[in-house]
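Trainee: Structure file structure27.cif (mmCIF, C-alpha atoms and all ligand atoms) right here:
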data_model
loop_
_atom_site.label_atom_id
_atom_site.label_comp_id
_atom_site.auth_asym_id
_atom_site.auth_seq_id
_atom_site.Cartn_x
_atom_site.Cartn_y
_atom_site.Cartn_z
CA MET A 1 -28.01 38.87 -40.95
CA HIS A 2 -28.98 41.09 -43.85
CA THR A 3 -29.56 44.85 -43.75
CA LEU A 4 -32.55 45.89 -45.88
CA ILE A 5 -32.23 49.63 -45.20
CA LYS A 6 -30.29 51.74 -42.72
CA HIS A 7 -30.66 55.50 -42.34
CA GLY A 8 -28.77 56.76 -39.30
CA GLU A 9 -30.50 55.47 -36.13
CA ASN A 10 -33.26 53.74 -38.07
CA ALA A 11 -32.88 50.41 -39.82
CA ALA A 12 -34.61 47.32 -41.13
CA TYR A 13 -32.72 44.06 -40.64
CA MET A 14 -33.53 40.52 -41.70
CA PHE A 15 -32.27 37.26 -40.22
CA HIS A 16 -32.77 34.45 -42.72
CA ASP A 17 -30.53 31.52 -41.82
CA LEU A 18 -31.23 30.69 -38.17
CA GLY A 19 -33.27 27.56 -38.89
CA SER A 20 -31.90 24.02 -39.00
CA GLY A 21 -32.83 20.41 -39.80
CA HIS A 22 -36.31 19.92 -41.25
CA MET A 23 -37.56 23.43 -40.38
CA VAL A 24 -39.00 25.47 -43.23
CA GLN A 25 -36.70 28.42 -43.93
CA ALA A 26 -38.08 31.53 -42.22
CA ASN A 27 -37.11 35.19 -41.99
CA GLN A 28 -37.16 37.21 -38.78
CA HIS A 29 -37.51 40.91 -39.51
CA ILE A 30 -36.30 43.65 -37.16
CA ILE A 31 -37.52 47.27 -37.32
CA SER A 32 -35.35 49.64 -35.30
CA LYS A 33 -36.44 53.28 -34.88
CA ASN A 34 -34.82 55.87 -32.61
CA GLY A 35 -33.63 53.29 -30.09
CA GLU A 36 -36.80 51.15 -30.01
CA THR A 37 -37.09 47.74 -31.68
CA LEU A 38 -40.00 45.77 -33.11
CA ILE A 39 -39.42 42.08 -33.90
CA LEU A 40 -41.71 40.50 -36.49
CA ASP A 41 -42.63 36.82 -36.43
CA PRO A 42 -39.72 35.77 -34.20
CA GLY A 43 -40.21 32.01 -34.80
CA GLY A 44 -39.89 28.85 -32.72
CA HIS A 45 -37.71 27.67 -29.86
CA LYS A 46 -34.53 26.79 -31.77
CA VAL A 47 -34.56 30.06 -33.71
CA TYR A 48 -35.16 31.97 -30.48
CA THR A 49 -31.73 31.12 -29.01
CA GLY A 50 -29.83 32.12 -32.16
CA LEU A 51 -31.86 35.25 -32.80
CA PHE A 52 -31.62 36.53 -29.24
CA SER A 53 -27.83 36.21 -29.22
CA GLN A 54 -27.25 37.57 -32.76
CA LEU A 55 -29.60 40.53 -32.31
CA SER A 56 -27.19 42.14 -29.89
CA SER A 57 -24.79 42.82 -32.80
CA VAL A 58 -27.26 45.38 -34.21
CA ILE A 59 -29.53 46.51 -31.35
CA LYS A 60 -29.53 46.70 -27.57
CA PRO A 61 -31.68 43.89 -26.10
CA ALA A 62 -33.29 46.47 -23.77
CA SER A 63 -34.60 48.30 -26.86
CA ILE A 64 -36.92 45.38 -27.74
CA LYS A 65 -40.24 47.10 -26.96
CA TYR A 66 -42.58 45.37 -29.40
CA LEU A 67 -43.24 41.90 -30.81
CA PHE A 68 -45.57 41.23 -33.71
CA PHE A 69 -47.13 37.87 -34.54
CA SER A 70 -48.73 37.88 -38.01
CA HIS A 71 -50.73 34.71 -37.26
CA GLN A 72 -50.86 31.58 -35.13
CA ASP A 73 -48.47 29.21 -36.93
CA PRO A 74 -45.57 27.61 -34.99
CA ASP A 75 -42.90 29.20 -37.25
CA ILE A 76 -44.24 32.55 -36.00
CA ILE A 77 -45.22 32.15 -32.41
CA ALA A 78 -43.98 28.92 -30.81
CA ALA A 79 -41.39 30.80 -28.71
CA ALA A 80 -43.72 33.64 -27.66
CA ASN A 81 -43.42 32.76 -23.99
CA GLY A 82 -39.62 32.95 -24.07
CA TRP A 83 -39.66 36.35 -25.76
CA LEU A 84 -42.17 37.72 -23.28
CA MET A 85 -40.19 36.36 -20.32
CA MET A 86 -36.81 37.62 -21.58
CA THR A 87 -37.96 41.12 -22.58
CA ASP A 88 -40.44 43.75 -21.37
CA ALA A 89 -41.93 43.92 -24.86
CA GLN A 90 -45.56 44.48 -25.70
CA ALA A 91 -46.81 41.90 -28.22
CA TYR A 92 -49.53 42.13 -30.88
CA LEU A 93 -51.61 39.23 -32.22
CA SER A 94 -54.98 38.89 -33.99
CA GLU A 95 -57.83 38.75 -31.50
CA LEU A 96 -58.88 35.47 -33.15
CA TRP A 97 -55.88 33.60 -31.71
CA MET A 98 -55.76 34.99 -28.18
CA ARG A 99 -57.40 31.92 -26.62
CA PHE A 100 -55.49 29.41 -28.75
CA ILE A 101 -51.87 30.41 -28.24
CA PRO A 102 -51.92 29.72 -24.46
CA HIS A 103 -51.71 26.08 -25.63
CA PHE A 104 -48.10 26.88 -26.60
CA GLY A 105 -47.52 27.53 -22.89
CA ILE A 106 -47.89 31.27 -22.34
CA ASP A 107 -47.28 32.07 -18.68
CA GLN A 108 -50.10 33.77 -16.75
CA LEU A 109 -47.62 36.50 -15.79
CA VAL A 110 -47.07 37.59 -19.40
CA ILE A 111 -50.37 36.89 -21.21
CA ASN A 112 -51.58 40.43 -20.42
CA ARG A 113 -48.65 41.85 -22.41
CA ILE A 114 -50.24 40.53 -25.64
CA THR A 115 -52.55 43.10 -27.19
CA PRO A 116 -55.32 41.62 -29.38
CA ILE A 117 -55.39 43.26 -32.82
CA PRO A 118 -58.98 43.93 -33.94
CA ASP A 119 -59.98 42.59 -37.38
CA SER A 120 -59.76 46.11 -38.81
CA GLY A 121 -56.08 46.53 -37.81
CA MET A 122 -54.40 49.31 -35.83
CA ASN A 123 -51.42 51.69 -35.75
CA ILE A 124 -48.58 51.49 -33.27
CA THR A 125 -45.53 53.71 -32.79
CA VAL A 126 -41.94 52.47 -32.71
CA GLY A 127 -39.42 55.08 -31.57
CA GLY A 128 -42.13 57.71 -32.02
CA MET A 129 -42.79 56.70 -35.66
CA GLU A 130 -46.03 55.23 -36.91
CA VAL A 131 -46.13 51.62 -38.10
CA LYS A 132 -49.37 50.14 -39.45
CA LEU A 133 -50.69 46.66 -38.61
CA ILE A 134 -52.93 46.09 -41.61
CA PRO A 135 -55.49 43.34 -42.17
CA ALA A 136 -54.57 40.53 -44.57
CA HIS A 137 -57.04 37.86 -43.47
CA PHE A 138 -57.06 34.50 -45.28
CA LEU A 139 -53.54 35.17 -46.64
CA HIS A 140 -53.18 32.44 -45.51
CA SER A 141 -54.48 32.42 -41.93
CA SER A 142 -58.08 33.49 -41.19
CA GLY A 143 -56.79 36.01 -38.62
CA ASN A 144 -53.73 37.50 -40.30
CA PHE A 145 -51.94 40.87 -40.32
CA GLN A 146 -49.11 42.52 -42.23
CA VAL A 147 -46.88 45.41 -41.16
CA TYR A 148 -46.36 48.56 -43.21
CA ASP A 149 -43.44 50.89 -42.46
CA PRO A 150 -44.19 54.24 -44.16
CA GLU A 151 -40.68 55.61 -43.54
CA PHE A 152 -38.87 52.82 -45.41
CA LYS A 153 -41.85 51.97 -47.68
CA ILE A 154 -41.59 48.30 -46.70
CA LEU A 155 -44.61 46.03 -46.56
CA TYR A 156 -43.91 42.97 -44.40
CA THR A 157 -46.28 40.44 -45.94
CA GLY A 158 -45.89 37.38 -43.68
CA ASP A 159 -46.68 34.22 -45.67
CA LEU A 160 -47.90 36.21 -48.69
CA GLY A 161 -44.98 36.45 -51.11
CA ALA A 162 -43.29 33.43 -49.53
CA SER A 163 -40.79 31.70 -51.79
CA LEU A 164 -38.96 28.43 -51.31
CA GLY A 165 -35.60 27.52 -52.87
CA ALA A 166 -34.76 30.77 -54.67
CA PRO A 167 -30.97 31.26 -54.98
CA TRP A 168 -31.07 34.95 -53.92
CA ILE A 169 -31.84 36.89 -50.74
CA GLU A 170 -33.18 39.93 -52.61
CA THR A 171 -34.44 40.28 -56.16
CA GLU A 172 -35.71 42.95 -58.55
CA ASP A 173 -36.34 40.36 -61.27
CA PHE A 174 -39.96 39.37 -60.71
CA ASP A 175 -40.17 37.17 -63.83
CA ALA A 176 -37.23 35.01 -62.69
CA HIS A 177 -38.55 34.85 -59.12
CA VAL A 178 -42.21 33.95 -59.61
CA GLN A 179 -41.50 30.20 -60.11
CA TYR A 180 -40.27 30.00 -56.49
CA MET A 181 -43.49 31.57 -55.10
CA ASP A 182 -46.07 29.87 -57.28
CA PRO A 183 -46.46 26.39 -55.67
CA PHE A 184 -46.74 27.81 -52.13
CA HIS A 185 -49.46 30.30 -53.04
CA ARG A 186 -51.54 27.79 -55.02
CA ARG A 187 -51.80 25.44 -52.04
CA TYR A 188 -51.52 27.59 -48.89
CA ILE A 189 -53.66 30.60 -49.87
CA PRO A 190 -57.36 29.67 -49.68
CA THR A 191 -58.93 31.84 -52.39
CA ASN A 192 -58.26 34.46 -55.03
CA LYS A 193 -60.97 36.68 -53.47
CA ALA A 194 -58.67 37.45 -50.50
CA MET A 195 -55.80 38.22 -52.86
CA LYS A 196 -57.94 40.62 -54.94
CA LEU A 197 -58.98 42.51 -51.78
CA TRP A 198 -55.33 42.63 -50.72
CA ALA A 199 -54.21 43.96 -54.14
CA GLN A 200 -56.79 46.79 -53.96
CA MET A 201 -55.45 47.77 -50.54
CA ALA A 202 -51.77 47.37 -51.45
CA ARG A 203 -52.13 49.78 -54.41
CA LYS A 204 -53.07 52.53 -51.92
CA LEU A 205 -49.70 52.12 -50.15
CA ASP A 206 -46.38 53.51 -51.36
CA ILE A 207 -44.27 50.31 -51.39
CA GLU A 208 -40.62 49.88 -52.44
CA ILE A 209 -39.96 46.53 -50.75
CA ILE A 210 -42.06 43.41 -50.14
CA ALA A 211 -40.52 41.53 -47.22
CA PRO A 212 -42.12 38.10 -46.64
CA GLN A 213 -41.58 35.68 -43.77
CA HIS A 214 -40.12 32.98 -46.05
CA GLY A 215 -37.61 33.31 -48.86
CA SER A 216 -36.51 36.35 -50.83
CA VAL A 217 -37.27 40.04 -50.50
CA ILE A 218 -38.77 41.73 -53.58
CA LYS A 219 -37.21 45.14 -54.24
CA SER A 220 -38.00 48.07 -56.57
CA SER A 221 -41.38 49.67 -57.15
CA LYS A 222 -41.59 47.97 -60.58
CA ALA A 223 -41.17 44.46 -59.14
CA VAL A 224 -43.60 45.34 -56.32
CA GLN A 225 -46.27 46.34 -58.86
CA GLN A 226 -45.63 43.12 -60.83
CA PHE A 227 -46.07 41.15 -57.61
CA ILE A 228 -49.37 42.88 -56.80
CA SER A 229 -50.74 42.15 -60.30
CA TRP A 230 -49.64 38.51 -60.09
CA ILE A 231 -51.31 38.08 -56.70
CA GLU A 232 -54.48 39.77 -57.96
CA ASN A 233 -54.90 37.29 -60.81
CA LEU A 234 -53.61 34.01 -59.35
CA GLN A 235 -56.06 31.13 -58.96
CA CYS A 236 -55.37 29.24 -55.75
CA GLY A 237 -56.77 27.02 -53.00
CA LEU A 238 -60.54 26.62 -53.34
CA ASP A 239 -60.46 28.14 -56.85
CA LEU A 240 -58.52 25.07 -58.02
CA MET A 241 -60.28 22.42 -55.93
CA THR A 242 -62.92 20.27 -57.61
CA GLU A 243 -63.54 17.38 -55.21
CA PHE A 244 -62.44 15.64 -52.03
CA SER A 245 -61.61 12.08 -52.98
CA ILE A 246 -61.94 9.30 -50.39
CA PRO A 247 -58.58 7.59 -49.88
FE FE B 301 -48.37 30.35 -41.86
FE FE B 302 -44.88 31.09 -42.33
#
Will you turn the file into structure tokens for me?
Ligand SMILES: [Fe+2]
Ligand SMILES: [Fe+2]

Mentor:
Amino acid sequence: MHTLIKHGENAAYMFHDLGSGHMVQANQHIISKNGETLILDPGGHKVYTGLFSQLSSVIKPASIKYLFFSHQDPDIIAAANGWLMMTDAQAYLSELWMRFIPHFGIDQLVINRITPIPDSGMNITVGGMEVKLIPAHFLHSSGNFQVYDPEFKILYTGDLGASLGAPWIETEDFDAHVQYMDPFHRRYIPTNKAMKLWAQMARKLDIEIIAPQHGSVIKSSKAVQQFISWIENLQCGLDLMTEFSIP
């Protein structure tokens, strides 16, 4: 467990090493405000057991009031049913995926505790403090949201900003870090157009930390601005594709 920020009652925690075997490394982020907890992208079944037991070292399980699912991938949402059964939390998920995730086995008793997020996004409150669920569609999923915490100036970017294999948990050195993000973004993000729209929006937010769902956290406003400029100009996905060859 890694503490991103802690100010009195309020804190941002990150679990980064609960996976095993062939699972892609994934981060589970925890936002704790005035005795209420929001869990972001809690992950699949094996992570669920470890996260649920380790969480109690930093928060009370009864404080888990909110769950956020950035998109429909299994590393985000496969254990949704367990989380909804074990807690009284309200969950948030893009309206695009509401009829698809019952295939993961969401019990009829708990499906009504998932609030569909409209395409335009929404605000929620955690411990009386506003947290923004902001649209980031096609980065990479077609129905995709990020979370902005104005108090700690953290943007939780989901798969955007993902890095694989970097030897650090946090970094302020964007130039050294970019090599670990580059291959993922070129293949998993569909088009530069979505990244340009995201960059325009991100520049309107006061951001000190970019906290993705895979790999390292990017810290310092300088490194954040470097990240936004890199994203804005990167060619990826369809931009790079020239043909489908027949195997
Ligand atoms: Fe994903
Ligand atoms: Fe992911």

Trainee: Taking into account all atoms listed in the file, which residue in the set A:Arg203, A:His214, A:Lys65, A:His29 is nearest to Ile228 (chain A)?

Mentor: A:Arg203

Trainee: Select the residues contacting ligand FE 301 (chain B) at a distance of at most 8 Å, based on all atoms listed in the file, then format the selection as a list of chain:residue names.

Mentor: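 Checked against 8 Å with all atoms listed in the file; the hits are A:His71, A:Gln72, A:Asp73, A:Pro74, A:Asp75, A:Ile76, A:His140, A:Ser141, A:Gly158, A:Asp159.
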
Trainee: Can you list, as a list in words, every protein, DNA or RNA residue that comes within 6 Å of Leu133 (chain A) when you count only C-alpha atoms, leaving out same-chain residues fewer than 5 positions away?

Mentor: Gly121, Met122, Asn123, Gln146 and Val147 of chain A

Trainee: Chain A near ligand FE 302 (chain B) within 12 Å: what's each residue's closest atom pair and its distance in Å to one decimal, counting only C-alpha atoms and all ligand atoms, ordered by chain then ascending residue number, as CSV?

Mentor:
residue,atom,partner,partner_atom,distance
A:Met23,CA,B:FE302,FE,10.8
A:Val24,CA,B:FE302,FE,8.2
A:Gln25,CA,B:FE302,FE,8.8
A:Ala26,CA,B:FE302,FE,6.8
A:Asn27,CA,B:FE302,FE,8.8
A:Gln28,CA,B:FE302,FE,10.5
A:Leu40,CA,B:FE302,FE,11.5
A:Asp41,CA,B:FE302,FE,8.5
A:Pro42,CA,B:FE302,FE,10.7
A:Gly43,CA,B:FE302,FE,8.9
A:Gly44,CA,B:FE302,FE,11.1
A:Phe69,CA,B:FE302,FE,10.6
A:Ser70,CA,B:FE302,FE,8.9
A:His71,CA,B:FE302,FE,8.5
A:Gln72,CA,B:FE302,FE,9.4
A:Asp73,CA,B:FE302,FE,6.8
A:Pro74,CA,B:FE302,FE,8.2
A:Asp75,CA,B:FE302,FE,5.8
A:Ile76,CA,B:FE302,FE,6.5
A:Ile77,CA,B:FE302,FE,10.0
A:Ala78,CA,B:FE302,FE,11.8
A:Leu139,CA,B:FE302,FE,10.5
A:His140,CA,B:FE302,FE,9.0
A:Ser141,CA,B:FE302,FE,9.7
A:Asn144,CA,B:FE302,FE,11.1
A:Thr157,CA,B:FE302,FE,10.1
A:Gly158,CA,B:FE302,FE,6.5
A:Asp159,CA,B:FE302,FE,4.9
A:Leu160,CA,B:FE302,FE,8.7
A:Gly161,CA,B:FE302,FE,10.3
A:Ala162,CA,B:FE302,FE,7.7
A:Ser163,CA,B:FE302,FE,10.3
A:Leu164,CA,B:FE302,FE,11.1
A:Phe184,CA,B:FE302,FE,10.5
A:His185,CA,B:FE302,FE,11.7
A:Tyr188,CA,B:FE302,FE,10.0
A:Ile189,CA,B:FE302,FE,11.6
A:Pro212,CA,B:FE302,FE,8.7
A:Gln213,CA,B:FE302,FE,5.8
A:His214,CA,B:FE302,FE,6.3
A:Gly215,CA,B:FE302,FE,10.0

Trainee: Could you write out that same residue set with C-alpha atoms as a PDB file, keeping the file's coordinate frame?

Mentor:
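Contents of out_28.pdb, freshly written:
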ATOM      1  CA  MET A  23     -37.560  23.430 -40.380  1.00  0.00           C
ATOM      2  CA  VAL A  24     -39.000  25.470 -43.230  1.00  0.00           C
ATOM      3  CA  GLN A  25     -36.700  28.420 -43.930  1.00  0.00           C
ATOM      4  CA  ALA A  26     -38.080  31.530 -42.220  1.00  0.00           C
ATOM      5  CA  ASN A  27     -37.110  35.190 -41.990  1.00  0.00           C
ATOM      6  CA  GLN A  28     -37.160  37.210 -38.780  1.00  0.00           C
ATOM      7  CA  LEU A  40     -41.710  40.500 -36.490  1.00  0.00           C
ATOM      8  CA  ASP A  41     -42.630  36.820 -36.430  1.00  0.00           C
ATOM      9  CA  PRO A  42     -39.720  35.770 -34.200  1.00  0.00           C
ATOM     10  CA  GLY A  43     -40.210  32.010 -34.800  1.00  0.00           C
ATOM     11  CA  GLY A  44     -39.890  28.850 -32.720  1.00  0.00           C
ATOM     12  CA  PHE A  69     -47.130  37.870 -34.540  1.00  0.00           C
ATOM     13  CA  SER A  70     -48.730  37.880 -38.010  1.00  0.00           C
ATOM     14  CA  HIS A  71     -50.730  34.710 -37.260  1.00  0.00           C
ATOM     15  CA  GLN A  72     -50.860  31.580 -35.130  1.00  0.00           C
ATOM     16  CA  ASP A  73     -48.470  29.210 -36.930  1.00  0.00           C
ATOM     17  CA  PRO A  74     -45.570  27.610 -34.990  1.00  0.00           C
ATOM     18  CA  ASP A  75     -42.900  29.200 -37.250  1.00  0.00           C
ATOM     19  CA  ILE A  76     -44.240  32.550 -36.000  1.00  0.00           C
ATOM     20  CA  ILE A  77     -45.220  32.150 -32.410  1.00  0.00           C
ATOM     21  CA  ALA A  78     -43.980  28.920 -30.810  1.00  0.00           C
ATOM     22  CA  LEU A 139     -53.540  35.170 -46.640  1.00  0.00           C
ATOM     23  CA  HIS A 140     -53.180  32.440 -45.510  1.00  0.00           C
ATOM     24  CA  SER A 141     -54.480  32.420 -41.930  1.00  0.00           C
ATOM     25  CA  ASN A 144     -53.730  37.500 -40.300  1.00  0.00           C
ATOM     26  CA  THR A 157     -46.280  40.440 -45.940  1.00  0.00           C
ATOM     27  CA  GLY A 158     -45.890  37.380 -43.680  1.00  0.00           C
ATOM     28  CA  ASP A 159     -46.680  34.220 -45.670  1.00  0.00           C
ATOM     29  CA  LEU A 160     -47.900  36.210 -48.690  1.00  0.00           C
ATOM     30  CA  GLY A 161     -44.980  36.450 -51.110  1.00  0.00           C
ATOM     31  CA  ALA A 162     -43.290  33.430 -49.530  1.00  0.00           C
ATOM     32  CA  SER A 163     -40.790  31.700 -51.790  1.00  0.00           C
ATOM     33  CA  LEU A 164     -38.960  28.430 -51.310  1.00  0.00           C
ATOM     34  CA  PHE A 184     -46.740  27.810 -52.130  1.00  0.00           C
ATOM     35  CA  HIS A 185     -49.460  30.300 -53.040  1.00  0.00           C
ATOM     36  CA  TYR A 188     -51.520  27.590 -48.890  1.00  0.00           C
ATOM     37  CA  ILE A 189     -53.660  30.600 -49.870  1.00  0.00           C
ATOM     38  CA  PRO A 212     -42.120  38.100 -46.640  1.00  0.00           C
ATOM     39  CA  GLN A 213     -41.580  35.680 -43.770  1.00  0.00           C
ATOM     40  CA  HIS A 214     -40.120  32.980 -46.050  1.00  0.00           C
ATOM     41  CA  GLY A 215     -37.610  33.310 -48.860  1.00  0.00           C
TER      42      GLY A 215
END

Trainee: Would you kindly identify which residues have an atom no farther than 12 Å from (-30.7, 39.7, -46.2), using all atoms listed in the file and the file's own coordinates, and write them out as a list of chain:residue names?

Mentor: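 I get A:Met1, A:His2, A:Thr3, A:Leu4, A:Ile5, A:Ala12, A:Tyr13, A:Met14, A:Phe15, A:His16, A:Asp17, A:Ala26, A:Asn27, A:Gln28, A:His29, A:Ile30, A:Trp168, A:Ile169, A:Glu170, A:Thr171, A:Ala211, A:Pro212, A:Gln213, A:His214, A:Gly215, A:Ser216, A:Val217, A:Ile218, A:Lys219 for the residues within 12 Å of that point.
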
Trainee: Which residues are close to Ile117 (chain A), i.e. within 6 Å by all atoms listed in the file, leaving aside same-chain residues fewer than 5 positions away? Reply as JSON, numbers by chain.

Mentor: {"A": [93, 94, 95]}

Trainee: What is the CA of Glu232 (chain A) to CA of Trp198 (chain A) distance in Å?

Mentor: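 These atoms are spaced 7.8 Å apart.
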
Trainee: Would you give the centre and edge lengths, in Å to one decimal, of a box along x, y and z around the listed atoms of region 5-17 of chain A, with 5 Å added to each side, as AutoDock Vina command-line options?

Mentor:
--center_x -31.7 --center_y 44.1 --center_z -40.7 --size_x 15.8 --size_y 35.2 --size_z 19.1

Trainee: Quote the spacing between CA of Tyr156 (chain A) and CA of Ile210 (chain A) in Å to one decimal place.

Mentor: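 Distance between the two atoms: 6.0 Å.
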
Trainee: Just checking: using all atoms listed in the file, which residue out of A:Ala199, A:Leu84, A:Ile31, A:Thr125 ends up closest to Glu9 (chain A)?

Mentor: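 For Glu9 (chain A), the nearest of the candidates is A:Ile31.
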
Trainee: Find the spatial neighbours of Ser120 (chain A), counting only C-alpha atoms, within a cut-off of 10 Å - ignore same-chain residues fewer than 5 positions away - and output them as an MDAnalysis selection string.

Mentor: chainID A and resid 94 133:137 145

Trainee: Give me, please, the distance in Å between CA of Ile39 (chain A) and CA of Gln90 (chain A), quoted to one decimal.

Mentor: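 A separation of 10.5 Å between them.
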
Trainee: Within 7 Å of Lys33 (chain A), counting only C-alpha atoms, which residues qualify if same-chain residues fewer than 4 places away don't, as an MDAnalysis selection string?

Mentor: chainID A and resid 9:11 37 126:127

Trainee: With distances taken over only C-alpha atoms, which residue among A:Ile111, A:Val178, A:Ile209, A:Leu197 lies nearest Trp230 (chain A)?

Mentor: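 Among A:Ile111, A:Val178, A:Ile209, A:Leu197, it is A:Val178 that comes nearest to Trp230 (chain A).
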
Trainee: Around (-36.0, 50.9, -55.5), as given in the file, which residues come within 10 Å? Count all atoms listed in the file and list them as a ChimeraX atom specification.

Mentor: /A:153,172,207-209,218-224

Trainee: Quick one: of A:Cys236, A:Val110, A:Leu155, A:Met201, who's nearest to Arg186 (chain A), counting all atoms listed in the file?

Mentor: A:Cys236

Trainee: Closest to Gly105 (chain A) among A:Ile59, A:Met85, A:Ala176, A:Leu234, using all atoms listed in the file?

Mentor: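 Closest to Gly105 (chain A), using all atoms listed in the file: A:Met85.
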
Trainee: Which one is closest to Asn34 (chain A): A:Pro102, A:Pro190, A:Gly8, A:Gly143? Count only C-alpha atoms.

Mentor: A:Gly8
